[in-house]
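The data block below is data25.pdb; it holds PDB, C-alpha atoms.
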MODEL        1
ATOM      1  CA  MET B  30     -70.073 -20.065  86.654
ATOM      2  CA  ASP B  31     -67.684 -21.885  84.350
ATOM      3  CA  THR B  32     -63.962 -21.266  84.253
ATOM      4  CA  TRP B  33     -64.112 -19.804  80.750
ATOM      5  CA  ALA B  34     -66.727 -17.279  81.878
ATOM      6  CA  CYS B  35     -64.507 -16.172  84.774
ATOM      7  CA  ALA B  36     -61.571 -15.873  82.390
ATOM      8  CA  LEU B  37     -63.655 -13.743  80.020
ATOM      9  CA  GLU B  38     -64.668 -11.464  82.891
ATOM     10  CA  LEU B  39     -61.077 -10.961  84.010
ATOM     11  CA  LEU B  40     -59.935 -10.398  80.427
ATOM     12  CA  GLY B  41     -62.763  -7.918  79.949
ATOM     13  CA  MET B  42     -61.746  -5.938  83.031
ATOM     14  CA  LEU B  43     -58.094  -5.859  81.975
ATOM     15  CA  VAL B  44     -59.048  -4.655  78.491
ATOM     16  CA  TYR B  45     -61.454  -2.194  80.111
ATOM     17  CA  ALA B  46     -58.721  -0.619  82.255
ATOM     18  CA  GLY B  47     -56.247  -0.449  79.368
ATOM     19  CA  ALA B  48     -58.832   1.066  77.041
ATOM     20  CA  TRP B  49     -59.789   3.683  79.624
ATOM     21  CA  LEU B  50     -56.140   4.690  79.958
ATOM     22  CA  CYS B  51     -55.953   5.005  76.154
ATOM     23  CA  VAL B  52     -58.972   7.319  76.192
ATOM     24  CA  LEU B  53     -57.391   9.364  78.993
ATOM     25  CA  ALA B  54     -54.160   9.683  77.006
ATOM     26  CA  THR B  55     -56.127  10.687  73.918
ATOM     27  CA  THR B  56     -57.923  13.410  75.856
ATOM     28  CA  LEU B  57     -54.716  14.889  77.274
ATOM     29  CA  LEU B  58     -52.282  14.509  74.378
ATOM     30  CA  PRO B  59     -51.839  17.515  72.058
ATOM     31  CA  GLN B  60     -51.192  15.335  68.998
ATOM     32  CA  TRP B  61     -54.717  15.184  67.637
ATOM     33  CA  LEU B  62     -53.626  16.943  64.458
ATOM     34  CA  THR B  63     -50.112  17.650  63.203
ATOM     35  CA  MET B  64     -48.840  19.959  60.502
ATOM     36  CA  SER B  65     -45.398  20.434  58.969
ATOM     37  CA  THR B  66     -44.371  22.656  56.075
ATOM     38  CA  ALA B  67     -41.755  22.243  53.387
ATOM     39  CA  LEU B  68     -40.781  25.887  53.817
ATOM     40  CA  LEU B  69     -39.825  25.288  57.479
ATOM     41  CA  PRO B  70     -38.731  21.659  57.747
ATOM     42  CA  VAL B  71     -37.271  22.242  61.221
ATOM     43  CA  GLU B  72     -40.646  23.331  62.617
ATOM     44  CA  SER B  73     -43.951  21.505  63.031
ATOM     45  CA  TYR B  74     -47.241  22.178  64.770
ATOM     46  CA  ARG B  75     -49.489  20.064  66.949
ATOM     47  CA  LEU B  76     -53.109  20.667  67.868
ATOM     48  CA  GLY B  77     -54.928  19.092  70.820
ATOM     49  CA  LEU B  78     -58.111  19.604  72.780
ATOM     50  CA  TRP B  79     -56.485  21.767  75.434
ATOM     51  CA  GLU B  80     -53.391  23.332  73.861
ATOM     52  CA  THR B  81     -51.369  23.849  70.707
ATOM     53  CA  CYS B  82     -47.670  23.099  70.445
ATOM     54  CA  VAL B  83     -44.805  24.198  68.238
ATOM     55  CA  VAL B  84     -41.975  21.688  67.803
ATOM     56  CA  GLN B  85     -38.599  23.107  66.748
ATOM     57  CA  ASP B  86     -35.283  21.375  66.376
ATOM     58  CA  VAL B  87     -33.463  24.116  68.280
ATOM     59  CA  ARG B  88     -35.882  25.221  71.004
ATOM     60  CA  GLY B  89     -37.712  21.933  71.457
ATOM     61  CA  THR B  90     -41.453  21.829  72.129
ATOM     62  CA  GLU B  91     -43.393  24.882  73.275
ATOM     63  CA  CYS B  92     -47.068  24.439  74.178
ATOM     64  CA  ARG B  93     -49.663  27.072  74.889
ATOM     65  CA  ALA B  94     -53.188  26.610  76.199
ATOM     66  CA  TYR B  95     -56.115  28.161  74.387
ATOM     67  CA  ASP B  96     -56.790  31.730  75.476
ATOM     68  CA  SER B  97     -60.577  31.581  75.648
ATOM     69  CA  LEU B  98     -63.159  28.836  75.821
ATOM     70  CA  LEU B  99     -65.662  30.899  73.864
ATOM     71  CA  GLY B 100     -63.168  31.386  71.065
ATOM     72  CA  LEU B 101     -62.794  27.671  70.408
ATOM     73  CA  SER B 102     -64.264  26.090  67.324
ATOM     74  CA  THR B 103     -67.431  24.022  67.616
ATOM     75  CA  GLU B 104     -65.679  20.744  66.892
ATOM     76  CA  LEU B 105     -63.154  21.317  69.668
ATOM     77  CA  LYS B 106     -65.893  22.135  72.182
ATOM     78  CA  LEU B 107     -67.872  19.030  71.259
ATOM     79  CA  SER B 108     -64.748  16.884  71.334
ATOM     80  CA  ARG B 109     -63.867  18.121  74.810
ATOM     81  CA  ILE B 110     -67.361  17.409  76.122
ATOM     82  CA  LEU B 111     -67.678  13.959  74.558
ATOM     83  CA  MET B 112     -64.214  12.820  75.622
ATOM     84  CA  CYS B 113     -64.806  13.933  79.219
ATOM     85  CA  VAL B 114     -68.200  12.217  79.237
ATOM     86  CA  SER B 115     -66.569   9.079  77.811
ATOM     87  CA  LEU B 116     -64.034   9.066  80.639
ATOM     88  CA  ALA B 117     -66.752   9.563  83.252
ATOM     89  CA  VAL B 118     -68.998   6.839  81.820
ATOM     90  CA  GLY B 119     -66.047   4.461  81.480
ATOM     91  CA  MET B 120     -64.969   5.002  85.078
ATOM     92  CA  LEU B 121     -68.551   4.527  86.277
ATOM     93  CA  GLY B 122     -68.787   1.318  84.254
ATOM     94  CA  MET B 123     -65.640  -0.089  85.857
ATOM     95  CA  LEU B 124     -66.836   0.803  89.366
ATOM     96  CA  VAL B 125     -70.182  -0.873  88.672
ATOM     97  CA  ALA B 126     -68.711  -3.983  87.021
ATOM     98  CA  ILE B 127     -66.070  -4.784  89.662
ATOM     99  CA  PRO B 128     -68.558  -5.835  92.414
ATOM    100  CA  GLY B 129     -70.340  -7.990  89.847
ATOM    101  CA  LEU B 130     -67.291 -10.114  89.009
ATOM    102  CA  TYR B 131     -67.565 -13.759  90.003
ATOM    103  CA  LEU B 132     -64.249 -13.703  91.871
ATOM    104  CA  VAL B 133     -65.277 -10.688  93.962
ATOM    105  CA  ASN B 134     -67.048 -11.687  97.174
ATOM    106  CA  SER B 135     -70.047  -9.363  97.215
ATOM    107  CA  CYS B 136     -73.836  -9.527  97.115
ATOM    108  CA  GLY B 137     -73.850 -12.709  99.166
ATOM    109  CA  GLU B 138     -77.473 -12.467 100.290
ATOM    110  CA  HIS B 139     -80.454 -14.155  98.646
ATOM    111  CA  GLY B 140     -80.562 -13.341  94.940
ATOM    112  CA  GLY B 141     -76.944 -12.253  94.995
ATOM    113  CA  SER B 142     -76.044 -14.045  91.771
ATOM    114  CA  ARG B 143     -78.769 -12.192  89.907
ATOM    115  CA  THR B 144     -77.571  -8.888  91.364
ATOM    116  CA  LYS B 145     -73.952  -9.611  90.405
ATOM    117  CA  ARG B 146     -75.060 -10.503  86.889
ATOM    118  CA  ALA B 147     -76.994  -7.255  86.611
ATOM    119  CA  LEU B 148     -73.976  -5.248  87.811
ATOM    120  CA  THR B 149     -71.677  -6.924  85.301
ATOM    121  CA  VAL B 150     -74.073  -6.374  82.414
ATOM    122  CA  THR B 151     -74.574  -2.736  83.405
ATOM    123  CA  GLY B 152     -70.822  -2.186  83.572
ATOM    124  CA  GLY B 153     -70.379  -3.794  80.158
ATOM    125  CA  VAL B 154     -73.100  -1.655  78.593
ATOM    126  CA  LEU B 155     -71.562   1.477  80.091
ATOM    127  CA  GLY B 156     -68.196   0.421  78.665
ATOM    128  CA  MET B 157     -69.646   0.067  75.177
ATOM    129  CA  LEU B 158     -71.346   3.444  75.543
ATOM    130  CA  ALA B 159     -68.039   5.014  76.616
ATOM    131  CA  GLY B 160     -66.360   3.494  73.566
ATOM    132  CA  VAL B 161     -68.951   5.008  71.228
ATOM    133  CA  LEU B 162     -68.623   8.395  72.944
ATOM    134  CA  CYS B 163     -64.865   8.236  72.350
ATOM    135  CA  LEU B 164     -65.094   7.156  68.716
ATOM    136  CA  VAL B 165     -67.520   9.919  67.740
ATOM    137  CA  PRO B 166     -65.273  12.978  68.361
ATOM    138  CA  VAL B 167     -62.123  11.250  67.108
ATOM    139  CA  SER B 168     -63.815  10.142  63.886
ATOM    140  CA  TYR B 169     -65.453  13.538  63.426
ATOM    141  CA  MET B 170     -62.132  15.375  63.771
ATOM    142  CA  ALA B 171     -60.565  12.918  61.335
ATOM    143  CA  HIS B 172     -63.431  13.513  58.913
ATOM    144  CA  LEU B 173     -62.890  17.277  59.038
ATOM    145  CA  ALA B 174     -59.145  16.840  58.551
ATOM    146  CA  VAL B 175     -59.725  14.695  55.465
ATOM    147  CA  ILE B 176     -62.176  17.224  53.997
ATOM    148  CA  HIS B 177     -59.752  20.117  54.517
ATOM    149  CA  PHE B 178     -56.801  18.085  53.239
ATOM    150  CA  PHE B 179     -58.465  17.335  49.904
ATOM    151  CA  ASP B 180     -60.109  20.736  49.510
ATOM    152  CA  GLU B 181     -59.388  21.862  45.960
ATOM    153  CA  LYS B 182     -60.003  25.501  46.847
ATOM    154  CA  VAL B 183     -56.900  25.579  49.030
ATOM    155  CA  PRO B 184     -53.609  26.022  47.102
ATOM    156  CA  ASP B 185     -51.132  23.168  47.241
ATOM    157  CA  VAL B 186     -48.488  25.328  48.891
ATOM    158  CA  VAL B 187     -50.703  25.866  51.948
ATOM    159  CA  PRO B 188     -49.874  23.325  54.697
ATOM    160  CA  ARG B 189     -52.633  21.014  55.879
ATOM    161  CA  TRP B 190     -53.431  19.263  59.117
ATOM    162  CA  GLU B 191     -52.861  15.517  59.240
ATOM    163  CA  PHE B 192     -53.718  12.757  61.699
ATOM    164  CA  GLY B 193     -51.748  12.756  64.935
ATOM    165  CA  ASP B 194     -50.858   9.949  67.303
ATOM    166  CA  ALA B 195     -53.689  10.836  69.681
ATOM    167  CA  MET B 196     -56.290   9.981  67.054
ATOM    168  CA  PHE B 197     -54.960   6.460  66.571
ATOM    169  CA  CYS B 198     -54.827   6.068  70.341
ATOM    170  CA  GLY B 199     -58.439   7.242  70.539
ATOM    171  CA  TRP B 200     -59.592   4.776  67.891
ATOM    172  CA  ALA B 201     -57.830   1.971  69.734
ATOM    173  CA  GLY B 202     -59.283   3.039  73.090
ATOM    174  CA  GLY B 203     -62.834   3.300  71.755
ATOM    175  CA  LEU B 204     -62.752  -0.090  70.040
ATOM    176  CA  LEU B 205     -61.175  -1.732  73.080
ATOM    177  CA  LEU B 206     -63.886  -0.277  75.325
ATOM    178  CA  ILE B 207     -66.549  -1.814  73.096
ATOM    179  CA  LEU B 208     -64.667  -5.135  73.117
ATOM    180  CA  ALA B 209     -64.367  -5.024  76.913
ATOM    181  CA  GLY B 210     -68.096  -4.389  77.233
ATOM    182  CA  LEU B 211     -68.860  -7.384  75.020
ATOM    183  CA  LEU B 212     -66.511  -9.577  77.057
ATOM    184  CA  LEU B 213     -68.354  -8.614  80.241
ATOM    185  CA  VAL B 214     -71.864  -8.955  78.841
ATOM    186  CA  ASN B 215     -71.415 -12.205  76.904
ATOM    187  CA  PRO B 216     -70.770 -14.601  79.852
ATOM    188  CA  CYS B 217     -73.735 -13.204  81.798
ATOM    189  CA  LEU B 218     -76.125 -13.584  78.878
ATOM    190  CA  CYS B 219     -74.865 -17.095  78.135
ATOM    191  CA  SER B 220     -75.243 -18.185  81.768
ATOM    192  CA  GLN B 221     -78.747 -16.712  81.847
ATOM    193  CA  THR B 222     -79.802 -18.613  78.732
ATOM    194  CA  GLU B 223     -78.347 -21.814  80.158
ATOM    195  CA  ALA B 224     -80.174 -21.290  83.458
ATOM    196  CA  GLN B 225     -83.601 -21.046  81.805
ATOM    197  CA  PRO B 226     -83.658 -24.641  80.439
ATOM    198  CA  ALA B 227     -82.438 -25.897  83.822
ATOM    199  CA  GLN B 228     -85.324 -24.143  85.564
ATOM    200  CA  GLN B 229     -87.772 -25.602  83.047
ATOM    201  CA  ARG B 230     -86.435 -29.120  83.631
ATOM    202  CA  ARG B 231     -86.690 -28.614  87.392
ATOM    203  CA  TYR B 232     -90.267 -27.429  87.045
ATOM    204  CA  GLN B 233     -91.163 -30.414  84.875
ATOM    205  CA  ALA B 234     -89.611 -32.813  87.394
ATOM    206  CA  VAL B 235     -91.549 -31.235  90.260
ATOM    207  CA  SER B 236     -94.762 -31.363  88.249
ATOM    208  CA  ALA B 237     -94.205 -35.031  87.380
ATOM    209  CA  SER B 238     -93.538 -35.988  90.987
ATOM    210  CA  TYR B 239     -96.647 -34.106  92.076
ATOM    211  CA  ARG B 240     -98.779 -35.965  89.526
ATOM    212  CA  LYS B 241     -97.389 -39.315  90.684
ATOM    213  CA  HIS B 242     -98.140 -38.402  94.296
ATOM    214  CA  SER B 243    -101.692 -37.465  93.326
ATOM    215  CA  GLU B 244    -102.182 -40.815  91.567
ATOM    216  CA  TYR B 245    -101.016 -42.741  94.625
ATOM    217  CA  VAL B 246    -103.458 -40.809  96.780
TER
ENDMDL
END
Represent the structure contained in this file as structure tokens.
Amino acid sequence: MDTWACALELLGMLVYAGAWLCVLATTLLPQWLTMSTALLPVESYRLGLWETCVVQDVRGTECRAYDSLLGLSTELKLSRILMCVSLAVGMLGMLVAIPGLYLVNSCGEHGGSRTKRALTVTGGVLGMLAGVLCLVPVSYMAHLAVIHFFDEKVPDVVPRWEFGDAMFCGWAGGLLLILAGLLLVNPCLCSQTEAQPAQQRRYQAVSASYRKHSEYV
């Protein structure tokens, strides 16, 4: 494998790990949505997947977990499930892709290069799938926030939820997971396409030598 392909694999794994940490932070942070009012400028609210927080200038931040799972809204339940699945798929993708890296000494038996290539491609595909699973709940929550923010039926004096830091972290994590998957898959596909013409040339050379041997006989 060429040096640039090895560099792409290492870069893909580094981006993979960083993106997975971004998704983990997005899942745990309570800043999915934020709300502040003009009536109480010293107080703001934060909403996350697992808890809600009240931020005050005097008392600081007070967070409280949701009382009941059944009482949660549908979008919060779906977001919890998809984010946890994204973390699980991303972790599985990293564990599968690491043995397939060129610099990792594994699968040394016959056909080991093909096995390593398959592991790397599988890890990259799982990374892209994890990125999509992360982008779906974050984008859906952002879509609902935009709809409620511009709802004309709600009076202007009523405070509205806005995007929090966790959403931007989730968008970054999801896109980076997709990028990491592409970085892992691309070198393997390129090396496979380059190997096919080499095998064809080898087959043609063997066939030509066999024909020459037959003519001599």
Using all atoms listed in the file, find each residue of stretch 39-149 of chain B with at least one atom at most 8 Å away from an atom of stretch 175-196 of chain B; report its shortest atom-to-atom pair and that distance in Å (one decimal), sort the rows by chain and rising residue number, and return the result as a Markdown table.
| residue | atom | partner | partner_atom | distance |
| --- | --- | --- | --- | --- |
| B:Ala54 | CA | B:Ala195 | CA | 7.4 |
| B:Thr55 | CA | B:Ala195 | CA | 4.9 |
| B:Thr56 | CA | B:Ala195 | CA | 7.9 |
| B:Leu58 | CA | B:Ala195 | CA | 6.1 |
| B:Pro59 | CA | B:Ala195 | CA | 7.3 |
| B:Gln60 | CA | B:Gly193 | CA | 4.8 |
| B:Trp61 | CA | B:Gly193 | CA | 4.7 |
| B:Leu62 | CA | B:Gly193 | CA | 4.6 |
| B:Thr63 | CA | B:Glu191 | CA | 5.3 |
| B:Met64 | CA | B:Trp190 | CA | 4.8 |
| B:Ser65 | CA | B:Pro188 | CA | 6.8 |
| B:Thr66 | CA | B:Pro188 | CA | 5.7 |
| B:Arg75 | CA | B:Gly193 | CA | 7.9 |
TODO: Report the distance between atom CA of B:Leu121 and atom CA of B:Gly156 in Å, rounded to one decimal place.
DONE: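 Atom CA of B:Gly156 lies 8.7 Å from atom CA of B:Leu121.
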For the structure shown, which residues end up in the PyMOL selection byres ((chain B and resi 213) around 12)? Put them as a compact mmCIF listing (two decimals) with C-alpha atoms, keeping the file's coordinate frame, please?
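Result file follows (out_7.txt):
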# COMPACT_ATOMS: atom_id res chain seq x y z
CA TRP B 33 -64.11 -19.80 80.75
CA ALA B 34 -66.73 -17.28 81.88
CA CYS B 35 -64.51 -16.17 84.77
CA ALA B 36 -61.57 -15.87 82.39
CA LEU B 37 -63.66 -13.74 80.02
CA GLU B 38 -64.67 -11.46 82.89
CA LEU B 39 -61.08 -10.96 84.01
CA LEU B 40 -59.94 -10.40 80.43
CA GLY B 41 -62.76 -7.92 79.95
CA MET B 42 -61.75 -5.94 83.03
CA LEU B 43 -58.09 -5.86 81.98
CA VAL B 44 -59.05 -4.66 78.49
CA TYR B 45 -61.45 -2.19 80.11
CA GLY B 122 -68.79 1.32 84.25
CA MET B 123 -65.64 -0.09 85.86
CA VAL B 125 -70.18 -0.87 88.67
CA ALA B 126 -68.71 -3.98 87.02
CA ILE B 127 -66.07 -4.78 89.66
CA GLY B 129 -70.34 -7.99 89.85
CA LEU B 130 -67.29 -10.11 89.01
CA TYR B 131 -67.56 -13.76 90.00
CA LYS B 145 -73.95 -9.61 90.40
CA ARG B 146 -75.06 -10.50 86.89
CA ALA B 147 -76.99 -7.26 86.61
CA LEU B 148 -73.98 -5.25 87.81
CA THR B 149 -71.68 -6.92 85.30
CA VAL B 150 -74.07 -6.37 82.41
CA THR B 151 -74.57 -2.74 83.40
CA GLY B 152 -70.82 -2.19 83.57
CA GLY B 153 -70.38 -3.79 80.16
CA VAL B 154 -73.10 -1.66 78.59
CA LEU B 155 -71.56 1.48 80.09
CA GLY B 156 -68.20 0.42 78.67
CA MET B 157 -69.65 0.07 75.18
CA LEU B 206 -63.89 -0.28 75.32
CA ILE B 207 -66.55 -1.81 73.10
CA LEU B 208 -64.67 -5.14 73.12
CA ALA B 209 -64.37 -5.02 76.91
CA GLY B 210 -68.10 -4.39 77.23
CA LEU B 211 -68.86 -7.38 75.02
CA LEU B 212 -66.51 -9.58 77.06
CA VAL B 214 -71.86 -8.96 78.84
CA ASN B 215 -71.42 -12.20 76.90
CA PRO B 216 -70.77 -14.60 79.85
CA CYS B 217 -73.74 -13.20 81.80
CA LEU B 218 -76.12 -13.58 78.88
CA CYS B 219 -74.86 -17.10 78.14
CA SER B 220 -75.24 -18.18 81.77
Written as a PDB file with C-alpha atoms, in the frame of the given file, which residues does the PyMOL selection byres ((chain B and resi 95) around 10) give for the file shown?
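In the end it all went to expr_39.pdb:
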ATOM      1  CA  GLY B  77     -54.928  19.092  70.820  1.00  0.00           C
ATOM      2  CA  LEU B  78     -58.111  19.604  72.780  1.00  0.00           C
ATOM      3  CA  TRP B  79     -56.485  21.767  75.434  1.00  0.00           C
ATOM      4  CA  GLU B  80     -53.391  23.332  73.861  1.00  0.00           C
ATOM      5  CA  THR B  81     -51.369  23.849  70.707  1.00  0.00           C
ATOM      6  CA  CYS B  92     -47.068  24.439  74.178  1.00  0.00           C
ATOM      7  CA  ARG B  93     -49.663  27.072  74.889  1.00  0.00           C
ATOM      8  CA  ALA B  94     -53.188  26.610  76.199  1.00  0.00           C
ATOM      9  CA  ASP B  96     -56.790  31.730  75.476  1.00  0.00           C
ATOM     10  CA  SER B  97     -60.577  31.581  75.648  1.00  0.00           C
ATOM     11  CA  LEU B  98     -63.159  28.836  75.821  1.00  0.00           C
ATOM     12  CA  LEU B  99     -65.662  30.899  73.864  1.00  0.00           C
ATOM     13  CA  GLY B 100     -63.168  31.386  71.065  1.00  0.00           C
ATOM     14  CA  LEU B 101     -62.794  27.671  70.408  1.00  0.00           C
TER      15      LEU B 101
END
Task: Near-stretch 202-205 of chain B list (6 Å; all atoms listed in the file; drop same-chain fewer than 3 positions) as a list in words - done: Ala48, Cys51, Val52, Gly160, Cys163, Leu164, Gly199, Leu208 and Ala209 of chain B
